[in-house]
file data-v3.txt (compact mmCIF, C-alpha atoms and all ligand atoms)
# COMPACT_ATOMS: atom_id res chain seq x y z
CA MET A 1162 90.17 4.35 127.96
CA LYS A 1163 92.09 5.42 124.89
CA TYR A 1164 90.96 7.80 122.17
CA LEU A 1165 92.49 9.03 118.94
CA THR A 1166 91.77 12.59 117.79
CA LYS A 1167 92.56 13.89 114.32
CA SER A 1168 92.39 17.66 114.86
CA PRO A 1169 92.42 20.25 117.66
CA LYS A 1170 88.63 20.54 117.23
CA ASP A 1171 88.35 16.79 117.76
CA THR A 1172 90.30 17.07 121.00
CA GLU A 1173 88.07 19.93 122.18
CA LYS A 1174 84.96 17.90 121.44
CA LEU A 1175 86.36 14.86 123.21
CA ALA A 1176 87.13 17.04 126.25
CA GLY A 1177 83.50 18.23 126.35
CA PHE A 1178 82.21 14.67 126.01
CA LEU A 1179 84.49 13.41 128.78
CA LEU A 1180 83.66 16.31 131.07
CA GLU A 1181 80.01 15.28 131.01
CA LYS A 1182 81.02 11.76 132.05
CA PHE A 1183 83.34 12.99 134.79
CA THR A 1184 80.67 15.31 136.17
CA LYS A 1185 78.36 12.32 136.61
CA LEU A 1186 80.89 10.56 138.84
CA GLY A 1187 79.43 12.47 141.79
CA LEU A 1188 82.73 13.27 143.48
CA GLU A 1189 82.60 14.58 147.03
CA LYS A 1190 85.37 17.05 146.43
CA SER A 1191 86.51 19.03 143.42
CA LEU A 1192 86.81 17.49 139.97
CA VAL A 1193 90.55 17.29 139.28
CA ILE A 1194 91.79 16.63 135.76
CA ALA A 1195 95.55 16.10 135.59
CA LEU A 1196 96.97 16.70 132.11
CA GLU A 1197 100.21 15.04 131.02
CA GLY A 1198 102.06 15.24 127.71
CA GLU A 1199 104.93 17.05 126.06
CA LEU A 1200 104.93 20.65 124.92
CA GLY A 1201 102.45 20.95 122.04
CA ALA A 1202 100.71 17.68 122.87
CA GLY A 1203 97.34 19.41 123.27
CA LYS A 1204 96.87 19.96 127.01
CA THR A 1205 95.72 23.56 126.61
CA THR A 1206 93.52 22.50 123.68
CA PHE A 1207 91.85 20.00 126.01
CA VAL A 1208 91.24 22.76 128.58
CA LYS A 1209 89.69 24.90 125.82
CA GLY A 1210 87.28 22.08 125.06
CA VAL A 1211 86.28 21.83 128.71
CA ALA A 1212 85.76 25.60 128.87
CA LYS A 1213 83.63 25.54 125.72
CA ALA A 1214 81.46 22.76 127.10
CA LEU A 1215 80.95 24.90 130.20
CA LYS A 1216 79.98 27.86 128.00
CA ILE A 1217 82.88 29.94 129.29
CA LYS A 1218 83.25 32.76 126.79
CA THR A 1219 86.69 34.00 127.81
CA ASN A 1220 89.45 32.84 125.50
CA ILE A 1221 91.57 30.25 127.28
CA LYS A 1222 95.29 30.78 127.04
CA SER A 1223 97.90 28.72 128.76
CA PRO A 1224 98.69 30.41 132.07
CA THR A 1225 102.38 29.57 131.68
CA PHE A 1226 103.45 32.95 133.01
CA ASN A 1227 100.74 33.18 135.66
CA LEU A 1228 100.71 29.60 136.95
CA MET A 1229 96.95 29.80 137.46
CA LYS A 1230 93.87 31.38 135.94
CA THR A 1231 90.29 31.14 137.16
CA TYR A 1232 87.06 31.33 135.19
CA GLU A 1233 83.53 31.67 136.46
CA ILE A 1234 81.12 28.91 135.43
CA ARG A 1235 77.48 29.96 135.10
CA GLY A 1236 74.42 27.78 135.35
CA LYS A 1237 76.20 24.47 135.92
CA SER A 1238 76.80 22.24 138.92
CA HIS A 1239 80.34 23.60 139.26
CA LYS A 1240 81.02 27.28 139.93
CA THR A 1241 84.68 27.89 139.14
CA LEU A 1242 87.21 26.52 136.68
CA TYR A 1243 90.84 26.60 137.80
CA HIS A 1244 93.48 26.24 135.12
CA PHE A 1245 97.00 25.57 136.39
CA ASP A 1246 100.14 25.25 134.29
CA CYS A 1247 103.03 23.87 136.32
CA TYR A 1248 105.62 23.98 133.54
CA ARG A 1249 107.75 26.59 135.29
CA LEU A 1250 107.08 25.37 138.76
CA LYS A 1251 110.04 24.22 140.81
CA ASP A 1252 108.11 22.72 143.64
CA HIS A 1253 104.61 21.69 144.64
CA ARG A 1254 105.05 23.96 147.65
CA ASP A 1255 104.41 26.95 145.40
CA LEU A 1256 100.88 25.62 145.03
CA GLU A 1257 100.48 25.13 148.75
CA VAL A 1258 101.27 28.81 149.24
CA MET A 1259 98.45 29.60 146.80
CA GLY A 1260 95.96 27.68 148.92
CA ILE A 1261 95.71 24.64 146.66
CA LYS A 1262 94.36 22.47 149.48
CA GLU A 1263 91.25 24.59 149.93
CA ILE A 1264 90.77 24.77 146.18
CA LEU A 1265 90.98 20.97 145.92
CA ASN A 1266 88.53 20.44 148.77
CA ASN A 1267 85.80 22.62 147.33
CA PRO A 1268 83.22 20.56 145.36
CA ASP A 1269 82.26 23.72 143.43
CA ASN A 1270 85.58 23.59 141.58
CA ILE A 1271 86.82 21.99 138.40
CA ILE A 1272 90.63 21.99 138.41
CA LEU A 1273 92.68 21.33 135.31
CA ILE A 1274 96.42 20.99 135.84
CA GLU A 1275 98.91 21.01 132.97
CA TRP A 1276 102.24 19.29 133.76
CA SER A 1277 100.56 17.65 136.73
CA ASP A 1278 103.37 15.09 136.94
CA ARG A 1279 105.48 17.90 138.46
CA VAL A 1280 103.10 18.36 141.39
CA LYS A 1281 102.07 14.76 142.09
CA LYS A 1282 102.42 15.35 145.80
CA ILE A 1283 99.46 17.71 145.95
CA LEU A 1284 97.08 15.62 143.83
CA PRO A 1285 94.12 14.23 145.77
CA LYS A 1286 93.37 10.50 146.07
CA LYS A 1287 90.75 10.66 143.38
CA TYR A 1288 91.60 12.45 140.18
CA ILE A 1289 91.34 11.88 136.46
CA LYS A 1290 94.55 11.48 134.54
CA VAL A 1291 94.56 12.56 130.91
CA HIS A 1292 97.72 11.61 129.08
CA ILE A 1293 98.19 13.00 125.56
CA ASP A 1294 100.67 11.52 123.11
CA HIS A 1295 101.77 13.10 119.85
CA ILE A 1296 101.12 10.62 117.01
CA SER A 1297 101.48 12.80 113.91
CA SER A 1298 101.08 16.51 113.15
CA ASN A 1299 97.31 16.32 113.57
CA GLU A 1300 96.79 13.09 115.48
CA ARG A 1301 96.89 12.65 119.23
CA SER A 1302 96.33 9.60 121.36
CA ILE A 1303 94.48 10.48 124.57
CA THR A 1304 94.49 8.04 127.46
CA ILE A 1305 92.17 8.44 130.44
CA LYS A 1306 92.81 6.85 133.83
P1 LIG B 1 100.20 21.93 125.21
O1 LIG B 1 99.32 22.73 126.10
O2 LIG B 1 100.18 20.45 125.52
O3 LIG B 1 101.60 22.45 125.13
P2 LIG B 1 98.63 23.06 123.07
O4 LIG B 1 97.22 22.61 123.25
O5 LIG B 1 98.99 24.45 123.47
O6 LIG B 1 99.62 21.99 123.73
O7 LIG B 1 99.04 22.91 121.55
C1 LIG B 1 98.73 21.80 120.77
C2 LIG B 1 99.10 22.12 119.34
O8 LIG B 1 98.91 20.99 118.51
C3 LIG B 1 98.22 23.23 118.76
O9 LIG B 1 98.99 24.04 117.90
C4 LIG B 1 97.17 22.45 117.99
O10 LIG B 1 96.65 23.18 116.90
C5 LIG B 1 98.00 21.27 117.47
N1 LIG B 1 97.21 20.04 117.21
C6 LIG B 1 97.22 19.37 116.05
N2 LIG B 1 96.44 18.28 116.11
C7 LIG B 1 95.90 18.26 117.35
C8 LIG B 1 94.99 17.37 118.01
N3 LIG B 1 94.51 16.27 117.43
N4 LIG B 1 94.66 17.67 119.30
C9 LIG B 1 95.17 18.74 119.91
N5 LIG B 1 96.03 19.62 119.34
C10 LIG B 1 96.39 19.39 118.06
MG MG B 2 99.76 24.31 127.46

call {"tool": "encode", "arguments": {"input": "data-v3.txt", "output": "structure tokens", "more": "lines below"}}
Ligand code: ADP
Ligand code: MG
result
Amino acid sequence: MKYLTKSPKDTEKLAGFLLEKFTKLGLEKSLVIALEGELGAGKTTFVKGVAKALKIKTNIKSPTFNLMKTYEIRGKSHKTLYHFDCYRLKDHRDLEVMGIKEILNNPDNIILIEWSDRVKKILPKKYIKVHIDHISSNERSITIK
């Protein structure tokens, strides 16, 4: 599926709409959303939209310097949102040290991974790929696989 958004708000709304669809897939393990796209494409904006849809009040910032941030989800089928940013990561092994396997296996988790193409080796068999392309200053093409 391919979508065109015309503002950051649009991208946030699309993320909320898609999250609802993904949640209905009834995955056995965690819900993994792999985000691809250049710097400034809108990956973090997409995560913000997911967080808003989950009624997470904390302001989402890219965890570029932390690698990972977690947020509690209240009153939904999932319990924890994990936000990874692998921009500065050298190796997927850094994630293994952090216990990524357990995190991926837990069906209570929603896991969003920016720069997921850098850690392909740790991605589970079933995951949702969100690729964002820069079209113009306010337009983004968002492809879901
Ligand atoms: P990334 O995490 O991919 O580096 P960010 O989400 O941090 O990207 O930044 C995207 C930037 O692009 C923001 O400054 C945002 O305001 C801007 N932007 C403009 N149009 C859009 C759009 N349609 N969708 C998402 N972001 C947009
Ligand atoms: Mg980002």

call {"tool": "residues_near_point", "arguments": {"input": "data-v3.txt", "point": "(96.0, 11.2, 129.6)", "cutoff": "9 Å", "atoms": "only C-alpha atoms", "output": "list in words"}}
result
Lys1163, Ala1195, Leu1196, Glu1197, Gly1198, Ile1289, Lys1290, Val1291, His1292, Ile1293, Asp1294, Ser1302, Ile1303, Thr1304, Ile1305 and Lys1306 of chain A

call {"tool": "residues_around", "arguments": {"input": "data-v3.txt", "residues": "Tyr1288 in chain A", "least_positions_apart": "5", "cutoff": "10 Å", "atoms": "only C-alpha atoms", "output": "PyMOL selection string"}}
result
chain A and resi 1183+1188+1190-1195+1272+1306

call {"tool": "closest_residue", "arguments": {"input": "data-v3.txt", "among": "A:Ile1234, A:Leu1186, A:Leu1175, A:Leu1215", "to": "ligand LIG 1 (chain B)", "atoms": "all atoms listed in the file"}}
result
A:Leu1175

call {"tool": "residues_near_ligand", "arguments": {"input": "data-v3.txt", "ligand": "ligand LIG 1 (chain B)", "cutoff": "6 Å", "atoms": "all atoms listed in the file", "output": "PyMOL selection string"}}
result
chain A and resi 1166-1169+1172+1198-1206+1298-1301

call {"tool": "closest_residue", "arguments": {"input": "data-v3.txt", "among": "A:Lys1237, A:Lys1209, A:Lys1286, A:Lys1182", "to": "ligand MG 2 (chain B)", "atoms": "all atoms listed in the file"}}
result
A:Lys1209

call {"tool": "closest_residue", "arguments": {"input": "data-v3.txt", "among": "A:Ser1297, A:Asn1270, A:Thr1231, A:Ser1277", "to": "ligand MG 2 (chain B)", "atoms": "all atoms listed in the file"}}
result
A:Ser1277

call {"tool": "atom_distance", "arguments": {"input": "data-v3.txt", "atom1": "CA of Ala1214 in chain A", "atom2": "CA of Gly1177 in chain A"}}
result
5.0 Å

call {"tool": "atom_distance", "arguments": {"input": "data-v3.txt", "atom1": "CA of Val1208 in chain A", "atom2": "CA of Leu1273 in chain A"}}
result
7.0 Å

call {"tool": "residues_near_point", "arguments": {"input": "data-v3.txt", "point": "(94.4, 31.3, 138.2)", "cutoff": "7 Å", "atoms": "all atoms listed in the file", "output": "PyMOL selection string"}}
result
chain A and resi 1228-1231+1243-1245

call {"tool": "closest_residue", "arguments": {"input": "data-v3.txt", "among": "A:Asp1252, A:Lys1216, A:Lys1282, A:Phe1207", "to": "ligand MG 2 (chain B)", "atoms": "only C-alpha atoms and all ligand atoms"}}
result
A:Phe1207
